[in-house]
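Quick look at target_38.json (JSON, C-alpha atoms):
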[["chain", "number", "residue", "atom", "x", "y", "z"],
["R", 1160, "SER", "CA", 49.15, -22.17, 88.70],
["R", 1161, "LEU", "CA", 49.32, -25.95, 88.28],
["R", 1162, "TYR", "CA", 46.21, -28.06, 87.68],
["R", 1163, "ALA", "CA", 45.90, -31.83, 87.46],
["R", 1164, "LEU", "CA", 43.22, -34.38, 86.60],
["R", 1165, "ASN", "CA", 43.47, -37.44, 88.81],
["R", 1166, "HIS", "CA", 41.63, -40.69, 89.17],
["R", 1167, "PRO", "CA", 41.60, -42.02, 92.75],
["R", 1168, "ALA", "CA", 44.71, -44.06, 93.63],
["R", 1169, "GLU", "CA", 46.36, -43.42, 90.25],
["R", 1170, "PRO", "CA", 48.99, -40.94, 89.03],
["R", 1171, "ALA", "CA", 47.77, -37.74, 87.42],
["R", 1172, "LEU", "CA", 46.18, -38.27, 84.02],
["R", 1173, "VAL", "CA", 46.72, -34.67, 82.93],
["R", 1174, "VAL", "CA", 48.81, -31.82, 84.33],
["R", 1175, "LYS", "CA", 48.71, -28.28, 82.95],
["R", 1176, "THR", "CA", 50.07, -24.93, 84.05],
["R", 1177, "TYR", "CA", 48.22, -21.64, 83.62],
["R", 1178, "ARG", "CA", 50.04, -18.33, 83.98],
["R", 1179, "ASN", "CA", 47.99, -15.44, 85.26],
["R", 1180, "ALA", "CA", 49.87, -12.91, 83.12],
["R", 1181, "THR", "CA", 49.33, -14.73, 79.82],
["R", 1182, "ASP", "CA", 46.19, -16.86, 80.26],
["R", 1183, "ILE", "CA", 43.86, -14.42, 82.03],
["R", 1184, "PRO", "CA", 43.06, -11.11, 80.31],
["R", 1185, "GLN", "CA", 43.89, -8.23, 82.67],
["R", 1186, "ALA", "CA", 40.72, -6.42, 81.62],
["R", 1187, "ARG", "CA", 38.58, -9.32, 82.90],
["R", 1188, "LEU", "CA", 40.20, -9.75, 86.34],
["R", 1189, "THR", "CA", 37.29, -8.07, 88.12],
["R", 1190, "ASP", "CA", 34.62, -10.24, 86.45],
["R", 1191, "ASP", "CA", 33.35, -12.88, 88.90],
["R", 1192, "SER", "CA", 33.41, -15.57, 86.20],
["R", 1193, "VAL", "CA", 36.98, -14.91, 84.98],
["R", 1194, "PHE", "CA", 38.52, -17.94, 86.74],
["R", 1195, "LEU", "CA", 35.76, -20.20, 85.45],
["R", 1196, "ASP", "CA", 36.02, -18.84, 81.91],
["R", 1197, "TYR", "CA", 39.82, -18.70, 81.55],
["R", 1198, "VAL", "CA", 41.06, -21.55, 83.76],
["R", 1199, "VAL", "CA", 38.36, -24.11, 84.65],
["R", 1200, "LYS", "CA", 36.67, -24.43, 81.25],
["R", 1201, "PRO", "CA", 39.92, -24.41, 79.22],
["R", 1202, "PHE", "CA", 41.41, -26.98, 81.60],
["R", 1203, "CYS", "CA", 38.36, -29.23, 81.20],
["R", 1204, "ASN", "CA", 38.61, -28.92, 77.42],
["R", 1205, "TYR", "CA", 42.34, -29.68, 77.58],
["R", 1206, "CYS", "CA", 41.67, -32.79, 79.71],
["R", 1207, "GLN", "CA", 39.06, -34.01, 77.28],
["R", 1208, "ASP", "CA", 41.53, -33.57, 74.40],
["R", 1209, "GLN", "CA", 44.32, -35.40, 76.27],
["R", 1210, "VAL", "CA", 42.44, -38.38, 77.75],
["R", 1211, "PRO", "CA", 41.22, -40.82, 75.06],
["R", 1212, "ALA", "CA", 38.55, -42.28, 77.36],
["R", 1213, "LEU", "CA", 36.86, -38.85, 77.50],
["R", 1214, "GLN", "CA", 36.73, -38.31, 73.74],
["R", 1215, "GLY", "CA", 33.88, -38.95, 71.39],
["R", 1216, "ASN", "CA", 33.55, -38.61, 67.63],
["R", 1217, "ASN", "CA", 30.99, -37.38, 65.12],
["R", 1218, "ASP", "CA", 28.87, -40.53, 65.53],
["R", 1219, "ASN", "CA", 29.22, -40.96, 69.28],
["R", 1220, "PRO", "CA", 29.28, -38.19, 71.87],
["R", 1221, "PRO", "CA", 31.94, -38.41, 74.57],
["R", 1222, "PRO", "CA", 31.08, -41.03, 77.22],
["R", 1223, "LEU", "CA", 30.69, -38.54, 80.05],
["R", 1224, "SER", "CA", 27.50, -39.83, 81.68],
["R", 1225, "ASN", "CA", 29.57, -41.91, 84.10],
["R", 1226, "VAL", "CA", 32.01, -39.09, 84.88],
["R", 1227, "THR", "CA", 31.66, -37.23, 88.17],
["R", 1228, "ILE", "CA", 34.19, -34.55, 89.07],
["R", 1229, "VAL", "CA", 34.89, -33.34, 92.58],
["R", 1230, "ALA", "CA", 37.27, -30.40, 92.35],
["R", 1231, "CYS", "CA", 39.46, -28.95, 95.06],
["R", 1232, "ILE", "CA", 41.31, -25.72, 94.36],
["R", 1233, "ALA", "CA", 43.98, -24.53, 96.78],
["R", 1234, "SER", "CA", 44.78, -20.84, 96.69],
["R", 1235, "ALA", "CA", 46.75, -18.31, 98.67],
["R", 1236, "GLY", "CA", 44.48, -15.98, 100.57],
["R", 1237, "VAL", "CA", 41.65, -15.96, 103.04],
["R", 1238, "VAL", "CA", 38.98, -18.50, 102.09],
["R", 1239, "THR", "CA", 35.45, -17.73, 103.27],
["R", 1240, "HIS", "CA", 32.12, -19.12, 102.07],
["R", 1241, "ASN", "CA", 33.91, -21.40, 99.57],
["R", 1242, "GLN", "CA", 35.59, -18.51, 97.76],
["R", 1243, "VAL", "CA", 38.80, -16.51, 97.79],
["R", 1244, "ARG", "CA", 39.75, -13.13, 96.39],
["R", 1245, "LEU", "CA", 43.28, -12.84, 95.06],
["R", 1246, "THR", "CA", 44.50, -9.48, 96.34],
["R", 1247, "ASN", "CA", 47.53, -9.56, 94.04],
["R", 1248, "LEU", "CA", 45.25, -9.87, 90.99],
["R", 1249, "GLN", "CA", 42.82, -6.98, 91.47],
["R", 1250, "ASN", "CA", 40.74, -9.06, 93.91],
["R", 1251, "MET", "CA", 40.01, -11.71, 91.26],
["R", 1252, "LEU", "CA", 37.36, -14.11, 92.56],
["R", 1253, "ILE", "CA", 37.68, -17.89, 92.68],
["R", 1254, "CYS", "CA", 34.27, -19.16, 93.76],
["R", 1255, "GLY", "CA", 33.64, -22.89, 94.24],
["R", 1256, "ASN", "CA", 29.86, -22.44, 94.17],
["R", 1257, "LEU", "CA", 30.02, -20.66, 90.81],
["R", 1258, "ILE", "CA", 32.28, -23.38, 89.40],
["R", 1259, "GLN", "CA", 29.99, -26.23, 90.46],
["R", 1260, "ASN", "CA", 26.76, -24.47, 89.43],
["R", 1261, "HIS", "CA", 27.62, -22.82, 86.12],
["R", 1262, "GLY", "CA", 24.89, -24.71, 84.24],
["R", 1263, "SER", "CA", 24.27, -23.66, 80.65],
["R", 1264, "ALA", "CA", 27.67, -21.98, 80.40],
["R", 1265, "ALA", "CA", 29.36, -25.35, 80.93],
["R", 1266, "THR", "CA", 31.62, -27.26, 78.60],
["R", 1267, "PRO", "CA", 30.82, -31.01, 78.31],
["R", 1268, "LEU", "CA", 33.40, -31.94, 80.95],
["R", 1269, "SER", "CA", 33.02, -28.92, 83.24],
["R", 1270, "ALA", "CA", 29.29, -29.74, 83.45],
["R", 1271, "ARG", "CA", 30.33, -32.91, 85.30],
["R", 1272, "ILE", "CA", 31.74, -30.91, 88.26],
["R", 1273, "VAL", "CA", 29.38, -31.79, 91.10],
["R", 1274, "LYS", "CA", 31.41, -30.24, 93.92],
["R", 1275, "CYS", "CA", 34.15, -27.63, 94.00],
["R", 1276, "LEU", "CA", 35.90, -26.82, 97.25],
["R", 1277, "ILE", "CA", 38.17, -23.82, 97.64],
["R", 1278, "ILE", "CA", 40.79, -24.25, 100.36],
["R", 1279, "ASN", "CA", 43.78, -22.24, 101.52],
["R", 1280, "ASP", "CA", 47.10, -23.38, 100.05],
["R", 1281, "PHE", "CA", 48.61, -24.05, 103.49],
["R", 1282, "VAL", "CA", 45.60, -26.20, 104.38],
["R", 1283, "ALA", "CA", 46.33, -28.19, 101.22],
["R", 1284, "GLN", "CA", 49.93, -28.68, 102.31],
["R", 1285, "GLY", "CA", 48.73, -29.94, 105.69],
["R", 1286, "TYR", "CA", 46.45, -32.49, 104.03],
["R", 1287, "GLY", "CA", 49.33, -33.52, 101.78],
["R", 1288, "CYS", "CA", 51.52, -34.17, 104.83],
["R", 1289, "LEU", "CA", 48.93, -36.67, 106.07],
["R", 1290, "THR", "CA", 49.48, -38.83, 102.98],
["R", 1291, "LEU", "CA", 53.28, -39.07, 103.22],
["R", 1292, "GLN", "CA", 54.86, -42.49, 103.60],
["R", 1293, "PRO", "CA", 57.63, -42.97, 106.21],
["R", 1294, "HIS", "CA", 60.32, -43.09, 103.49],
["R", 1295, "GLU", "CA", 59.13, -39.65, 102.26],
["R", 1296, "VAL", "CA", 59.72, -37.95, 105.62],
["R", 1297, "ARG", "CA", 62.99, -36.66, 107.02],
["R", 1298, "GLN", "CA", 63.11, -35.75, 110.69],
["R", 1299, "LEU", "CA", 65.02, -32.54, 111.30],
["R", 1300, "TYR", "CA", 64.87, -32.15, 115.09],
["R", 1301, "GLY", "CA", 63.65, -33.95, 118.19],
["R", 1302, "PRO", "CA", 64.14, -37.40, 119.68],
["R", 1303, "LYS", "CA", 65.15, -40.22, 117.34],
["R", 1304, "ASP", "CA", 62.01, -42.22, 118.15],
["R", 1305, "ALA", "CA", 59.61, -39.37, 117.34],
["R", 1306, "MET", "CA", 58.94, -40.83, 113.87],
["R", 1307, "GLU", "CA", 57.96, -44.27, 115.15]]
Final structure tokens representation of the file:
Amino acid sequence: SLYALNHPAEPALVVKTYRNATDIPQARLTDDSVFLDYVVKPFCNYCQDQVPALQGNNDNPPPLSNVTIVACIASAGVVTHNQVRLTNLQNMLICGNLIQNHGSAATPLSARIVKCLIINDFVAQGYGCLTLQPHEVRQLYGPKDAME
């Protein structure tokens, strides 16, 4: 799975890939917090390590008070009540409410997640189509003036 940290209207600041087979312990797949513990928190730590503006030092904590994160995770599967169960991974749960409300178990950056939406991957593709510029679209069929 591919994850990215973006700032509005700018290219991705950080991009990282997580592989289910190597990054998520098989024995933990049925734990409701497995996605939070083995993808969300490590990704937030990785982002903090990669983005100088998010780093602090021994004398100054990281300047995160002005950071607000709205997360959107697209996943294959049926999304209901802001969560999805991955049937190909022993029904592993990805729960947006758990991610945005994990409180004391948070890392410094993951604590800044104020909203986490879980959407179906095809819904995400549909939203992506809405952002395409005319030069990014190729008409395959239909009348020539359909793109105008």
Distance in Å - CA of Asn1179 in chain R versus CA of Phe1194 in chain R =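 Pair CA of Asn1179 in chain R / CA of Phe1194 in chain R returns 9.9 Å.
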Pick from R:Ile1277, R:Leu1195, R:Ala1180, R:Leu1172, whichever lies nearest to Ala1230 in chain R using all atoms listed in the file =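 Smallest separation from Ala1230 in chain R among the options: R:Ile1277.
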Which neighbours of Pro1222 in chain R fall inside 12 Å, counting all atoms listed in the file, when residues of the same chain fewer than 3 positions from it are skipped, and could you give them as number ranges by chain?
-> R: 1207, 1210-1216, 1218-1219, 1225-1227, 1267-1268, 1271
So which residues are close to (41.2, -2.3, 87.6), meaning at most 12 Å away in the file's coordinates with all atoms listed in the file counted, and can you show them as a ChimeraX atom specification?
-> /R:1184-1190,1246-1251
Tell me which protein, DNA and RNA residues are within 7 Å of Asn1241 in chain R, counting all atoms listed in the file, leaving out same-chain ones fewer than 6 positions away, and put them as a VMD selection string.
-> chain R and resid 1254 to 1256 1276 to 1277
Go ahead and write the residues just picked, C-alpha atoms, as a compact mmCIF listing (two decimals), in the frame of the given file.
# COMPACT_ATOMS: atom_id res chain seq x y z
CA CYS R 1254 34.27 -19.16 93.76
CA GLY R 1255 33.64 -22.89 94.24
CA ASN R 1256 29.86 -22.44 94.17
CA LEU R 1276 35.90 -26.82 97.25
CA ILE R 1277 38.17 -23.82 97.64
So what do you get for CA of Lys1175 in chain R versus CA of Val1237 in chain R, distance-wise?
->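 These atoms are spaced 24.6 Å apart.
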Mind giving me the straight-line distance from CA of Tyr1177 in chain R to CA of Gly1262 in chain R in Å, one decimal?
->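 Between CA of Tyr1177 in chain R and CA of Gly1262 in chain R the gap is 23.5 Å.
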Smallest atom-to-atom distance to Pro1221 in chain R: which of R:Val1282, R:Arg1178, R:Asn1204, R:Asn1260, using all atoms listed in the file?
->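 Checking each candidate against Pro1221 in chain R, we get R:Asn1204 as the closest.
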